[in-house]
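Participant: Below is the file run-v8.txt, with compact mmCIF, C-alpha atoms.
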# COMPACT_ATOMS: atom_id res chain seq x y z
CA MET A 1 28.84 0.49 -29.28
CA PRO A 2 31.85 0.80 -31.55
CA LEU A 3 35.15 -0.24 -30.00
CA GLU A 4 36.57 3.20 -30.79
CA THR A 5 33.85 4.86 -28.67
CA GLN A 6 34.61 2.57 -25.75
CA LEU A 7 38.37 3.14 -26.00
CA ASP A 8 37.85 6.90 -26.26
CA LEU A 9 35.83 6.87 -23.04
CA LEU A 10 38.51 4.91 -21.19
CA LEU A 11 41.31 7.14 -22.46
CA LYS A 12 39.41 10.31 -21.46
CA ALA A 13 38.83 8.99 -17.92
CA ASP A 14 42.49 7.97 -17.73
CA LYS A 15 43.63 11.42 -18.90
CA GLU A 16 41.47 13.17 -16.27
CA MET A 17 42.94 11.05 -13.46
CA ARG A 18 46.52 11.58 -14.69
CA ARG A 19 46.07 15.38 -14.64
CA VAL A 20 46.18 15.24 -10.82
CA LYS A 21 49.70 15.66 -9.47
CA GLY A 22 50.71 12.71 -7.31
CA VAL A 23 48.73 10.04 -9.18
CA THR A 24 51.19 7.35 -10.25
CA LEU A 25 48.96 4.60 -11.63
CA THR A 26 45.53 4.65 -13.24
CA GLU A 27 43.20 1.86 -14.28
CA THR A 28 40.08 2.04 -16.43
CA ASP A 29 37.82 -0.86 -17.19
CA LEU A 30 34.83 -1.82 -19.31
CA GLN A 31 33.51 -5.37 -19.31
CA PHE A 32 30.74 -6.95 -21.33
CA ARG A 33 29.63 -10.57 -21.23
CA LYS A 34 26.92 -12.38 -23.07
CA ILE A 35 25.86 -15.64 -21.47
CA ASP A 36 23.67 -18.11 -23.34
CA SER A 37 22.05 -20.85 -21.27
CA TRP A 38 19.96 -23.75 -22.51
CA PHE A 39 17.72 -26.01 -20.49
CA ALA A 40 16.14 -29.19 -21.77
CA SER A 41 14.10 -31.67 -19.78
CA SER A 42 12.78 -35.14 -20.36
CA ILE A 43 9.21 -33.79 -20.41
CA GLY A 44 9.91 -31.66 -23.45
CA SER A 45 10.94 -28.29 -22.03
CA ARG A 46 13.38 -26.39 -24.20
CA ILE A 47 14.39 -23.02 -22.76
CA HIS A 48 17.01 -20.62 -24.05
CA GLN A 49 18.09 -17.62 -21.98
CA ARG A 50 20.52 -14.87 -23.03
CA LYS A 51 21.95 -12.51 -20.41
CA VAL A 52 24.07 -9.44 -21.16
CA ILE A 53 26.22 -8.23 -18.28
CA SER A 54 27.90 -4.82 -18.49
CA GLY A 55 30.43 -3.36 -16.09
CA CYS A 56 32.79 -0.43 -15.69
CA GLY A 57 35.06 1.29 -13.20
CA ILE A 58 38.13 3.44 -12.66
CA VAL A 59 40.98 3.38 -10.13
CA ALA A 60 43.59 6.01 -9.21
CA THR A 61 46.66 4.99 -7.21
CA SER A 62 49.22 7.24 -5.53
CA TYR A 63 52.63 6.05 -4.30
CA GLN A 64 54.53 8.23 -1.80
CA GLY A 65 57.55 6.76 -0.03
CA ASP A 66 56.53 3.34 1.21
CA GLU A 67 52.83 4.16 1.25
CA ILE A 68 50.24 3.30 -1.39
CA GLN A 69 46.81 4.92 -1.49
CA LYS A 70 44.06 3.93 -3.87
CA ARG A 71 40.59 5.22 -4.67
CA SER A 72 38.07 3.76 -7.06
CA TYR A 73 34.71 4.54 -8.58
CA PRO A 74 31.90 3.56 -8.47
CA ASN A 75 32.97 1.16 -5.73
CA SER A 76 36.01 -0.57 -4.29
CA PHE A 77 35.38 -4.07 -5.57
CA GLY A 78 35.81 -4.13 -9.33
CA GLY A 79 33.39 -1.54 -10.63
CA GLN A 80 29.66 -1.58 -11.20
CA HIS A 81 28.19 -4.61 -12.98
CA ALA A 82 24.57 -5.30 -13.85
CA LEU A 83 22.33 -7.18 -16.26
CA ARG A 84 22.12 -4.15 -18.52
CA GLY A 85 23.64 -2.77 -21.68
CA TYR A 86 25.89 0.20 -22.46
CA GLU A 87 23.44 2.55 -20.73
CA LEU A 88 25.02 1.41 -17.43
CA VAL A 89 28.37 2.78 -18.62
CA GLU A 90 26.82 6.06 -19.74
CA GLU A 91 24.96 6.53 -16.43
CA THR A 92 28.12 5.84 -14.43
CA ASP A 93 29.87 8.82 -16.11
CA LEU A 94 33.46 7.74 -15.50
CA VAL A 95 35.02 10.89 -17.01
CA LYS A 96 33.07 13.21 -14.70
CA HIS A 97 34.18 11.32 -11.57
CA ALA A 98 37.81 10.72 -12.62
CA PRO A 99 39.31 13.97 -11.21
CA ARG A 100 37.63 13.52 -7.82
CA ILE A 101 38.83 9.93 -7.51
CA ALA A 102 42.40 10.95 -8.37
CA GLU A 103 42.34 13.88 -5.91
CA GLU A 104 41.05 11.63 -3.13
CA ALA A 105 43.82 9.08 -3.73
CA VAL A 106 46.50 11.76 -3.38
CA ALA A 107 44.75 13.41 -0.40
CA LEU A 108 44.78 10.15 1.55
CA HIS A 109 48.54 10.55 2.07
CA SER A 110 47.98 13.64 4.22
CA ALA A 111 44.90 12.33 6.05
CA ALA A 112 45.20 11.69 9.77
CA GLN A 113 45.29 8.05 10.83
CA CYS A 114 42.03 6.74 12.20
CA PRO A 115 42.31 6.79 16.02
CA ARG A 116 42.09 3.56 17.99
CA LYS A 117 39.09 4.16 20.22
CA ASN A 118 35.44 3.39 20.68
CA GLY A 119 33.18 5.93 19.07
CA THR A 120 30.87 6.75 16.22
CA LEU A 121 32.05 6.05 12.69
CA ILE A 122 30.31 7.40 9.60
CA LEU A 123 30.90 5.30 6.47
CA GLY A 124 30.29 6.33 2.88
CA GLY A 125 27.64 4.37 1.01
CA SER A 126 29.98 2.15 -1.02
CA GLN A 127 32.11 1.30 2.03
CA LEU A 128 28.99 0.56 4.07
CA GLY A 129 27.75 -1.71 1.28
CA LEU A 130 31.06 -3.58 1.26
CA GLN A 131 31.04 -3.89 5.06
CA ILE A 132 27.51 -5.32 5.06
CA HIS A 133 28.47 -7.66 2.22
CA GLU A 134 31.46 -9.00 4.18
CA SER A 135 29.96 -8.99 7.70
CA VAL A 136 26.44 -10.12 6.89
CA GLY A 137 26.30 -11.39 3.32
CA HIS A 138 29.08 -13.98 3.38
CA PRO A 139 28.25 -15.42 6.82
CA ILE A 140 24.64 -16.16 5.78
CA GLU A 141 25.64 -18.07 2.63
CA LEU A 142 24.32 -21.57 3.17
CA ASP A 143 27.42 -23.34 1.82
CA ARG A 144 29.48 -21.55 4.47
CA VAL A 145 26.90 -22.17 7.21
CA LEU A 146 26.95 -25.89 6.39
CA GLY A 147 30.78 -25.94 6.28
CA GLN A 148 30.97 -26.82 2.58
CA GLU A 149 33.22 -23.90 1.60
CA ALA A 150 35.87 -24.37 4.28
CA ASN A 151 38.70 -25.00 1.83
CA PHE A 152 37.92 -22.02 -0.40
CA ALA A 153 36.77 -19.04 1.63
CA GLY A 154 36.09 -20.32 5.11
CA THR A 155 33.07 -21.35 7.09
CA SER A 156 30.69 -19.11 9.03
CA PHE A 157 30.12 -18.35 12.69
CA LEU A 158 26.41 -18.63 11.86
CA THR A 159 25.22 -22.17 12.40
CA LEU A 160 21.77 -23.68 12.00
CA ASP A 161 21.19 -23.70 15.76
CA LYS A 162 21.33 -19.86 15.69
CA LEU A 163 18.58 -19.55 13.08
CA ASN A 164 15.94 -17.05 14.26
CA LYS A 165 17.84 -16.65 17.57
CA LEU A 166 21.02 -14.69 16.90
CA LYS A 167 20.87 -10.94 17.50
CA TYR A 168 23.00 -9.51 14.68
CA GLY A 169 22.77 -5.84 15.72
CA THR A 170 20.65 -3.48 17.77
CA GLU A 171 16.87 -3.58 17.60
CA LEU A 172 17.10 -0.61 15.18
CA VAL A 173 18.67 -2.75 12.43
CA ASN A 174 16.88 -5.22 10.20
CA VAL A 175 18.90 -7.14 7.63
CA VAL A 176 16.78 -8.38 4.75
CA ALA A 177 17.90 -10.49 1.78
CA ASP A 178 15.36 -9.78 -0.93
CA ALA A 179 16.64 -9.80 -4.51
CA SER A 180 13.24 -8.74 -5.83
CA ARG A 181 13.51 -5.29 -4.20
CA SER A 182 16.40 -4.00 -6.31
CA THR A 183 18.06 -4.95 -9.58
CA ASP A 184 21.48 -3.78 -8.35
CA ARG A 185 21.51 -4.98 -4.74
CA ALA A 186 20.43 -8.34 -3.40
CA ARG A 187 21.02 -7.33 0.22
CA ASP A 188 19.19 -4.49 1.90
CA VAL A 189 19.55 -2.94 5.34
CA ARG A 190 16.73 -0.93 6.82
CA VAL A 191 16.82 1.14 9.99
CA ARG A 192 13.57 1.61 11.88
CA ARG A 193 12.93 4.98 13.46
Go ahead and express the file in the form of structure tokens.
Facilitator:
Amino acid sequence: MPLETQLDLLLKADKEMRRVKGVTLTETDLQFRKIDSWFASSIGSRIHQRKVISGCGIVATSYQGDEIQKRSYPNSFGGQHALRGYELVEETDLVKHAPRIAEEAVALHSAAQCPRKNGTLILGGSQLGLQIHESVGHPIELDRVLGQEANFAGTSFLTLDKLNKLKYGTELVNVVADASRSTDRARDVRVRR
């Protein structure tokens, strides 16, 4: 895709977010990486692999007094990235979602604070994905389980003695790590009914 086309997309998304009164900072992002890997072995294997990774996202921030509120699309952790081409950017439709993201950032200033109590909480899909990633995904990483990542991001409460014994949630929840099920998500949560 021509650079001008990419810049035009980012500027249009930025313009749509800035139309919303109360938005004080906007961010737009496109990322593309091409990774070439070579493997050679002593038995004569010679393998070349080329991966193209595309990514995009937008963020609207609103400052009011000493409070900062931020909303992002398509998720809250750096945009959507996949082993795909520019079609990922087109499918994400940043310009279409820009006004909603900006309006939500401003609206958060007038939202009631979440009460401190036990009860039912309904999370949006991207927040639920992030929660599962943090609460389930990181703790099951083997380098954390074995204590090898203690200096970087911490160890895990999951230890080998809990393998196949720890009850992670109710009997209604199964947590399955199966990268073959989805190209965009390596972790999957299923609820039995």
Participant: Nearest residue to Ala13 in chain A out of A:Pro115, A:Gly55, A:Gly85, A:Pro99, using all atoms listed in the file?
Facilitator: A:Pro99
Participant: May I ask for the distance between CA of Leu94 in chain A and CA of Pro74 in chain A, given in Å to one decimal place?
Facilitator: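 Value for the CA of Leu94 in chain A-CA of Pro74 in chain A distance: 8.3 Å.
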Participant: With all atoms listed in the file as the counted atoms, please give the residues lying no more than 7 Å from Lys51 in chain A, apart from itself and same-chain residues fewer than 5 positions off, as a PyMOL selection string.
Facilitator: chain A and resi 34-36+83
Participant: Which of these, A:Ala105, A:Ile47, A:Ile53, A:Val176, has the shortest distance to Lys21 in chain A once you count all atoms listed in the file?
Facilitator: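 That would be A:Ala105, the residue with the smallest distance to Lys21 in chain A.
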Participant: I'd like the neighbourhood of His97 in chain A as a list in words, where a residue qualifies if any of its atoms comes within 9 Å (using all atoms listed in the file), though same-chain residues fewer than 2 positions away should be ignored.
Facilitator: Ala13, Glu16, Met17, Ile58, Tyr73, Pro74, Thr92, Asp93, Leu94, Val95, Pro99, Arg100, Ile101 and Ala102 of chain A
Participant: Those same residues, written as an mmCIF file, in the frame of the given file with C-alpha atoms?
Facilitator:
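Now in out.cif:
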data_model
loop_
_atom_site.group_PDB
_atom_site.id
_atom_site.type_symbol
_atom_site.label_atom_id
_atom_site.label_comp_id
_atom_site.auth_asym_id
_atom_site.auth_seq_id
_atom_site.Cartn_x
_atom_site.Cartn_y
_atom_site.Cartn_z
ATOM 1 C CA ALA A 13 38.830 8.990 -17.920
ATOM 2 C CA GLU A 16 41.470 13.170 -16.270
ATOM 3 C CA MET A 17 42.940 11.050 -13.460
ATOM 4 C CA ILE A 58 38.130 3.440 -12.660
ATOM 5 C CA TYR A 73 34.710 4.540 -8.580
ATOM 6 C CA PRO A 74 31.900 3.560 -8.470
ATOM 7 C CA THR A 92 28.120 5.840 -14.430
ATOM 8 C CA ASP A 93 29.870 8.820 -16.110
ATOM 9 C CA LEU A 94 33.460 7.740 -15.500
ATOM 10 C CA VAL A 95 35.020 10.890 -17.010
ATOM 11 C CA PRO A 99 39.310 13.970 -11.210
ATOM 12 C CA ARG A 100 37.630 13.520 -7.820
ATOM 13 C CA ILE A 101 38.830 9.930 -7.510
ATOM 14 C CA ALA A 102 42.400 10.950 -8.370
#
Participant: Taking into account only C-alpha atoms, which residue in the set A:Ile122, A:Arg46, A:Met1, A:Val106 is nearest to Glu87 in chain A?
Facilitator: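 That would be A:Met1, the residue with the smallest distance to Glu87 in chain A.
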Participant: Of the candidates A:Arg18, A:Thr159, A:Ile132, A:Lys12, which one gets nearest to Val173 in chain A if we count only C-alpha atoms?
Facilitator: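 Of all the options, A:Ile132 lies closest to Val173 in chain A.
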Participant: Pick the closest to Arg71 in chain A from A:Ser45, A:Ser126, A:Asn118, A:Gln113: which is it, counting only C-alpha atoms?
Facilitator: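 Ranked by minimum distance to Arg71 in chain A, first place goes to A:Ser126.
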Participant: With only C-alpha atoms as the atoms that count, which of A:Ser72, A:Gly65, A:Ala98, A:Gln6 lies nearest to Gln127 in chain A?
Facilitator: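 Distance minimum relative to Gln127 in chain A lands on A:Ser72.
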Participant: What lies within 7 Å of Gln69 in chain A using all atoms listed in the file, ignoring chain neighbours under 5 positions off, as a list in words?
Facilitator: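 Once the adjacent positions are removed, what remains is Thr61, Ser62, Tyr63, Ala105, Leu108 and His109 of chain A.
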Participant: Could you name the residues that touch Gly124 in chain A at 12 Å or less, counting only C-alpha atoms, but leaving out those on the same chain fewer than 4 positions away, as a CSV table (one decimal) with C-alpha atoms, in the frame of the given file?
Facilitator:
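Output (selection.csv):
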chain,number,residue,atom,x,y,z
A,74,PRO,CA,31.9,3.6,-8.5
A,75,ASN,CA,33.0,1.2,-5.7
A,76,SER,CA,36.0,-0.6,-4.3
A,128,LEU,CA,29.0,0.6,4.1
A,129,GLY,CA,27.8,-1.7,1.3
A,130,LEU,CA,31.1,-3.6,1.3
A,131,GLN,CA,31.0,-3.9,5.1
Participant: Within 6 Å of range 134-143 of chain A, counting only C-alpha atoms, which residues qualify if same-chain residues fewer than 5 places away don't, as JSON, numbers by chain?
Facilitator: {"A": [148, 149, 156]}
Participant: Mind working out the centre and edge lengths of an axis-aligned box for range 33-50 of chain A, all listed atoms inside, 5 Å added to each side, rounded to one decimal in Å and written as lines of an AutoDock Vina configuration file?
Facilitator:
center_x = 19.4
center_y = -22.9
center_z = -22.0
size_x = 30.4
size_y = 34.6
size_z = 14.4
Participant: Interatomic distance between CA of Asp66 in chain A and CA of Ser110 in chain A?
Facilitator: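 According to the coordinates, CA of Asp66 in chain A and CA of Ser110 in chain A are separated by 13.7 Å.
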Participant: Suppose you want the space between CA of Gly57 in chain A and CA of Leu11 in chain A; what is it in Å?
Facilitator: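 Separation between CA of Gly57 in chain A and CA of Leu11 in chain A: 12.6 Å.
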